[in-house]
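J.: As input, take structure02.cif (mmCIF, C-alpha atoms):
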```
data_structure
loop_
_atom_site.label_atom_id
_atom_site.label_comp_id
_atom_site.auth_asym_id
_atom_site.auth_seq_id
_atom_site.Cartn_x
_atom_site.Cartn_y
_atom_site.Cartn_z
CA MET A 1 96.97 79.09 114.06
CA ILE A 2 96.10 82.18 112.06
CA ARG A 3 98.05 82.87 108.91
CA GLU A 4 97.66 84.87 105.73
CA ARG A 5 95.33 83.33 103.17
CA ARG A 6 96.99 81.97 100.06
CA ASN A 7 95.46 81.31 96.65
CA GLU A 8 95.99 77.61 97.32
CA ASP A 9 93.53 77.90 100.24
CA LEU A 10 90.60 78.99 98.09
CA ASP A 11 89.44 75.49 97.08
CA ARG A 12 89.40 74.35 100.71
CA LEU A 13 87.58 77.51 101.79
CA CYS A 14 84.95 76.94 99.10
CA ASP A 15 84.45 73.43 100.48
CA VAL A 16 84.05 74.82 104.01
CA LEU A 17 81.52 77.39 102.77
CA GLY A 18 79.53 74.59 101.17
CA GLU A 19 79.21 72.89 104.57
CA LEU A 20 77.55 75.91 106.19
CA ASP A 21 73.78 75.92 106.56
CA ASP A 22 73.47 79.63 105.81
CA HIS A 23 76.02 79.88 103.01
CA ALA A 24 73.46 80.50 100.28
CA GLY A 25 72.08 83.55 102.07
CA VAL A 26 75.53 84.98 102.70
CA LEU A 27 76.71 84.41 99.14
CA ALA A 28 73.53 85.95 97.65
CA GLY A 29 73.90 84.08 94.38
CA ARG A 30 77.64 84.62 93.99
CA GLN A 31 80.12 81.82 93.51
CA PRO A 32 82.14 81.09 96.69
CA ARG A 33 85.50 81.80 95.05
CA ASP A 34 84.24 85.14 93.67
CA TRP A 35 82.78 86.10 97.06
CA LEU A 36 86.10 85.37 98.79
CA GLN A 37 88.00 87.56 96.34
CA GLU A 38 85.58 90.42 95.66
CA VAL A 39 86.85 92.89 98.27
CA ASP A 40 90.28 94.45 98.30
CA ALA A 41 91.10 93.25 101.80
CA GLU A 42 93.76 94.75 104.00
CA ARG A 43 94.00 91.32 105.64
CA SER A 44 92.71 87.90 104.60
CA TRP A 45 93.38 85.33 107.26
CA VAL A 46 92.68 81.64 107.61
CA PHE A 47 92.68 79.43 110.66
CA ASP A 48 94.84 76.42 109.85
CA GLN A 49 94.78 73.52 112.29
CA ALA A 50 98.02 72.12 110.92
CA PRO A 51 101.08 72.59 113.14
CA VAL A 52 103.19 73.90 110.24
CA SER A 53 102.83 77.11 108.26
CA VAL A 54 105.07 76.20 105.35
CA ALA A 55 102.41 75.03 102.91
CA PRO A 56 98.64 75.25 102.61
CA THR A 57 96.94 72.24 104.09
CA ARG A 58 93.54 70.57 104.06
CA ASN A 59 93.28 71.64 107.71
CA VAL A 60 92.03 75.17 106.97
CA VAL A 61 88.79 75.49 108.94
CA GLY A 62 88.13 79.23 109.22
CA HIS A 63 88.40 82.53 107.39
CA VAL A 64 88.12 86.27 108.05
CA GLN A 65 88.86 89.43 106.08
CA ILE A 66 89.48 92.99 107.21
CA TYR A 67 88.81 95.77 104.73
CA ARG A 68 87.90 99.40 104.27
CA PRO A 69 84.19 100.16 104.44
CA PRO A 70 82.32 99.90 101.16
CA ASP A 71 80.61 102.83 99.52
CA ALA A 72 77.25 101.95 101.08
CA ARG A 73 74.42 103.82 102.78
CA TRP A 74 74.83 101.85 106.03
CA VAL A 75 78.37 103.21 106.40
CA LEU A 76 77.10 106.80 106.21
CA ASP A 77 74.43 106.00 108.80
CA VAL A 78 77.00 104.48 111.15
CA VAL A 79 79.53 107.30 110.95
CA ALA A 80 76.76 109.84 111.57
CA GLN A 81 75.66 107.97 114.70
CA ILE A 82 79.13 107.52 116.16
CA ARG A 83 80.38 110.94 114.99
CA ARG A 84 83.39 109.58 113.16
CA GLU A 85 84.57 109.45 109.54
CA ALA A 86 84.30 106.46 107.22
CA ASP A 87 88.11 106.27 107.19
CA ASP A 88 87.95 105.63 110.95
CA LEU A 89 86.24 102.27 110.34
CA LEU A 90 87.62 98.91 109.31
CA VAL A 91 85.14 96.19 108.43
CA ILE A 92 85.50 92.62 109.64
CA GLY A 93 83.72 90.33 107.22
CA ARG A 94 83.65 87.01 105.46
CA LEU A 95 84.06 85.39 108.85
CA PHE A 96 83.09 81.73 108.74
CA VAL A 97 84.23 78.52 110.35
CA LYS A 98 83.74 74.88 109.43
CA PRO A 99 80.92 73.42 111.53
CA SER A 100 82.44 71.25 114.24
CA ARG A 101 82.53 70.97 117.98
CA HIS A 102 85.33 73.57 118.06
CA ASP A 103 83.84 76.10 115.66
CA TYR A 104 82.81 78.61 118.34
CA GLY A 105 86.36 78.71 119.71
CA VAL A 106 87.88 79.17 116.26
CA ALA A 107 85.38 81.94 115.45
CA ARG A 108 86.15 83.62 118.79
CA TYR A 109 89.89 83.50 118.09
CA LEU A 110 89.54 84.89 114.53
CA LEU A 111 87.20 87.66 115.67
CA ARG A 112 89.29 88.59 118.71
CA GLU A 113 92.48 88.79 116.63
CA SER A 114 90.66 90.86 113.98
CA VAL A 115 89.40 93.31 116.61
CA GLU A 116 92.91 93.65 118.02
CA TYR A 117 94.32 94.27 114.54
CA VAL A 118 91.72 96.98 113.82
CA GLU A 119 92.04 98.71 117.18
CA THR A 120 95.85 98.79 117.14
CA ARG A 121 95.49 100.85 113.98
CA GLY A 122 93.26 103.33 115.81
CA ARG A 123 90.19 102.29 113.86
CA VAL A 124 86.68 101.22 114.90
CA PRO A 125 85.79 97.56 114.19
CA VAL A 126 82.51 97.06 112.33
CA LEU A 127 81.05 93.72 111.32
CA ASP A 128 79.82 93.53 107.74
CA PRO A 129 76.01 93.40 108.04
CA ASN A 130 75.79 91.25 104.91
CA ASP A 131 77.87 88.47 106.49
CA LEU A 132 76.25 88.14 109.91
CA ALA A 133 74.49 84.85 109.15
CA SER A 134 77.75 82.98 109.77
CA VAL A 135 78.86 84.95 112.86
CA PRO A 136 77.81 83.80 116.37
CA LEU A 137 75.95 86.85 117.72
CA PRO A 138 76.50 85.96 121.41
CA LEU A 139 80.21 86.02 120.67
CA CYS A 140 79.91 89.51 119.20
CA ALA A 141 78.19 90.74 122.35
CA LYS A 142 80.93 89.21 124.53
CA LEU A 143 83.55 91.07 122.53
CA GLY A 144 81.79 94.40 123.02
CA PHE A 145 79.93 94.84 119.75
CA ARG A 146 76.73 96.89 119.91
CA GLU A 147 73.84 97.04 117.50
CA PHE A 148 73.23 100.15 115.44
CA ARG A 149 70.05 100.48 113.43
CA THR A 150 70.35 102.03 110.00
CA ASP A 151 67.82 102.85 107.33
CA ALA A 152 69.93 101.05 104.74
CA CYS A 153 69.97 97.56 106.31
CA THR A 154 67.24 95.19 107.30
CA SER A 155 69.57 93.79 109.95
CA SER A 156 71.53 95.77 112.50
CA VAL A 157 75.11 96.82 112.02
CA LEU A 158 77.39 95.63 114.82
CA ILE A 159 80.07 98.06 115.95
CA ARG A 160 82.64 97.87 118.71
CA ALA A 161 82.64 101.47 119.88
CA GLU A 162 82.72 103.24 123.24
#
```
When written as structure tokens, how does the structure in this file appear?
T.:
Amino acid sequence: MIRERRNEDLDRLCDVLGELDDHAGVLAGRQPRDWLQEVDAERSWVFDQAPVSVAPTRNVVGHVQIYRPPDARWVLDVVAQIRREADDLLVIGRLFVKPSRHDYGVARYLLRESVEYVETRGRVPVLDPNDLASVPLPLCAKLGFREFRTDACTSSVLIRAE
């Protein structure tokens, strides 16, 4: 189940990050706890496999955050291409899931719920280009994300826009 992230979840999330093959590239030298707390997120969710939501558990296996776009060149490139304003975007980032046989399904659920949250607010979902190493790209395509090339990023920015 998805629930709001609590401070008590941070140690477990740091452990999960340490299990990911690409975590060093995503963290870019930052400490996991700092990375998880560095954006002022509108939503910080975890996927908790425990059947109860009363207390944090050791069953937290996934994480996602939704936040306003940063003051970055790639955001300006994106809004120019889609003819919208930066305030029309909400970024989905810090999406990662503990490696297991169910990780694709958990990632799909977190991403799908994040897209729904963003779109019900009348905003355009954008995946943070700095976090894409831990996001299954085929899943993004299935959920309608398209690549946008920008001058500011070596990788593409993925946007769910019509």
J.: Smallest atom-to-atom distance to Ala141 of chain A: which of A:Leu36, A:Arg160, A:Arg83, A:Glu4, using only C-alpha atoms?
T.: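 Checking each candidate against Ala141 of chain A, we get A:Arg160 as the closest.
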J.: Would you list the contacts of Glu85 of chain A as a list in words, taking every protein, DNA or RNA residue within 12 Å and counting only C-alpha atoms, but skipping same-chain residues closer than 4 positions in sequence?
T.: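 The residues that qualify are Arg68, Pro69, Val75, Leu76, Asp77, Val78, Val79, Ala80, Gln81, Leu89, Leu90, Arg123 and Val124 of chain A.
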J.: Taking only C-alpha atoms into account, which of A:Arg121, A:Arg146, A:Arg73, A:Arg58 comes nearest Asp87 of chain A?
T.: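 When distances to Asp87 of chain A are compared using only C-alpha atoms, the smallest one comes from A:Arg121.
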J.: One decimal, Å: what's the distance from atom CA of Trp45 of chain A over to atom CA of Leu137 of chain A, could you say?
T.: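 If I compute the distance from atom CA of Trp45 of chain A to atom CA of Leu137 of chain A, I get 20.4 Å.
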J.: I'd like the residues picked by the PyMOL selection byres ((chain A and resi 103-105) around 12) written out as a PDB file with C-alpha atoms, in the coordinates of the input, using the chain letters and numbers from the file.
T.:
```pdb
ATOM      1  CA  VAL A  16      84.050  74.820 104.010  1.00  0.00           C
ATOM      2  CA  LEU A  20      77.550  75.910 106.190  1.00  0.00           C
ATOM      3  CA  PHE A  47      92.680  79.430 110.660  1.00  0.00           C
ATOM      4  CA  GLN A  49      94.780  73.520 112.290  1.00  0.00           C
ATOM      5  CA  VAL A  60      92.030  75.170 106.970  1.00  0.00           C
ATOM      6  CA  VAL A  61      88.790  75.490 108.940  1.00  0.00           C
ATOM      7  CA  GLY A  62      88.130  79.230 109.220  1.00  0.00           C
ATOM      8  CA  HIS A  63      88.400  82.530 107.390  1.00  0.00           C
ATOM      9  CA  LEU A  95      84.060  85.390 108.850  1.00  0.00           C
ATOM     10  CA  PHE A  96      83.090  81.730 108.740  1.00  0.00           C
ATOM     11  CA  VAL A  97      84.230  78.520 110.350  1.00  0.00           C
ATOM     12  CA  LYS A  98      83.740  74.880 109.430  1.00  0.00           C
ATOM     13  CA  PRO A  99      80.920  73.420 111.530  1.00  0.00           C
ATOM     14  CA  SER A 100      82.440  71.250 114.240  1.00  0.00           C
ATOM     15  CA  ARG A 101      82.530  70.970 117.980  1.00  0.00           C
ATOM     16  CA  HIS A 102      85.330  73.570 118.060  1.00  0.00           C
ATOM     17  CA  VAL A 106      87.880  79.170 116.260  1.00  0.00           C
ATOM     18  CA  ALA A 107      85.380  81.940 115.450  1.00  0.00           C
ATOM     19  CA  ARG A 108      86.150  83.620 118.790  1.00  0.00           C
ATOM     20  CA  TYR A 109      89.890  83.500 118.090  1.00  0.00           C
ATOM     21  CA  LEU A 110      89.540  84.890 114.530  1.00  0.00           C
ATOM     22  CA  LEU A 111      87.200  87.660 115.670  1.00  0.00           C
ATOM     23  CA  ARG A 112      89.290  88.590 118.710  1.00  0.00           C
ATOM     24  CA  SER A 134      77.750  82.980 109.770  1.00  0.00           C
ATOM     25  CA  VAL A 135      78.860  84.950 112.860  1.00  0.00           C
ATOM     26  CA  PRO A 136      77.810  83.800 116.370  1.00  0.00           C
ATOM     27  CA  LEU A 137      75.950  86.850 117.720  1.00  0.00           C
ATOM     28  CA  PRO A 138      76.500  85.960 121.410  1.00  0.00           C
ATOM     29  CA  LEU A 139      80.210  86.020 120.670  1.00  0.00           C
ATOM     30  CA  CYS A 140      79.910  89.510 119.200  1.00  0.00           C
TER      31      CYS A 140
END
```
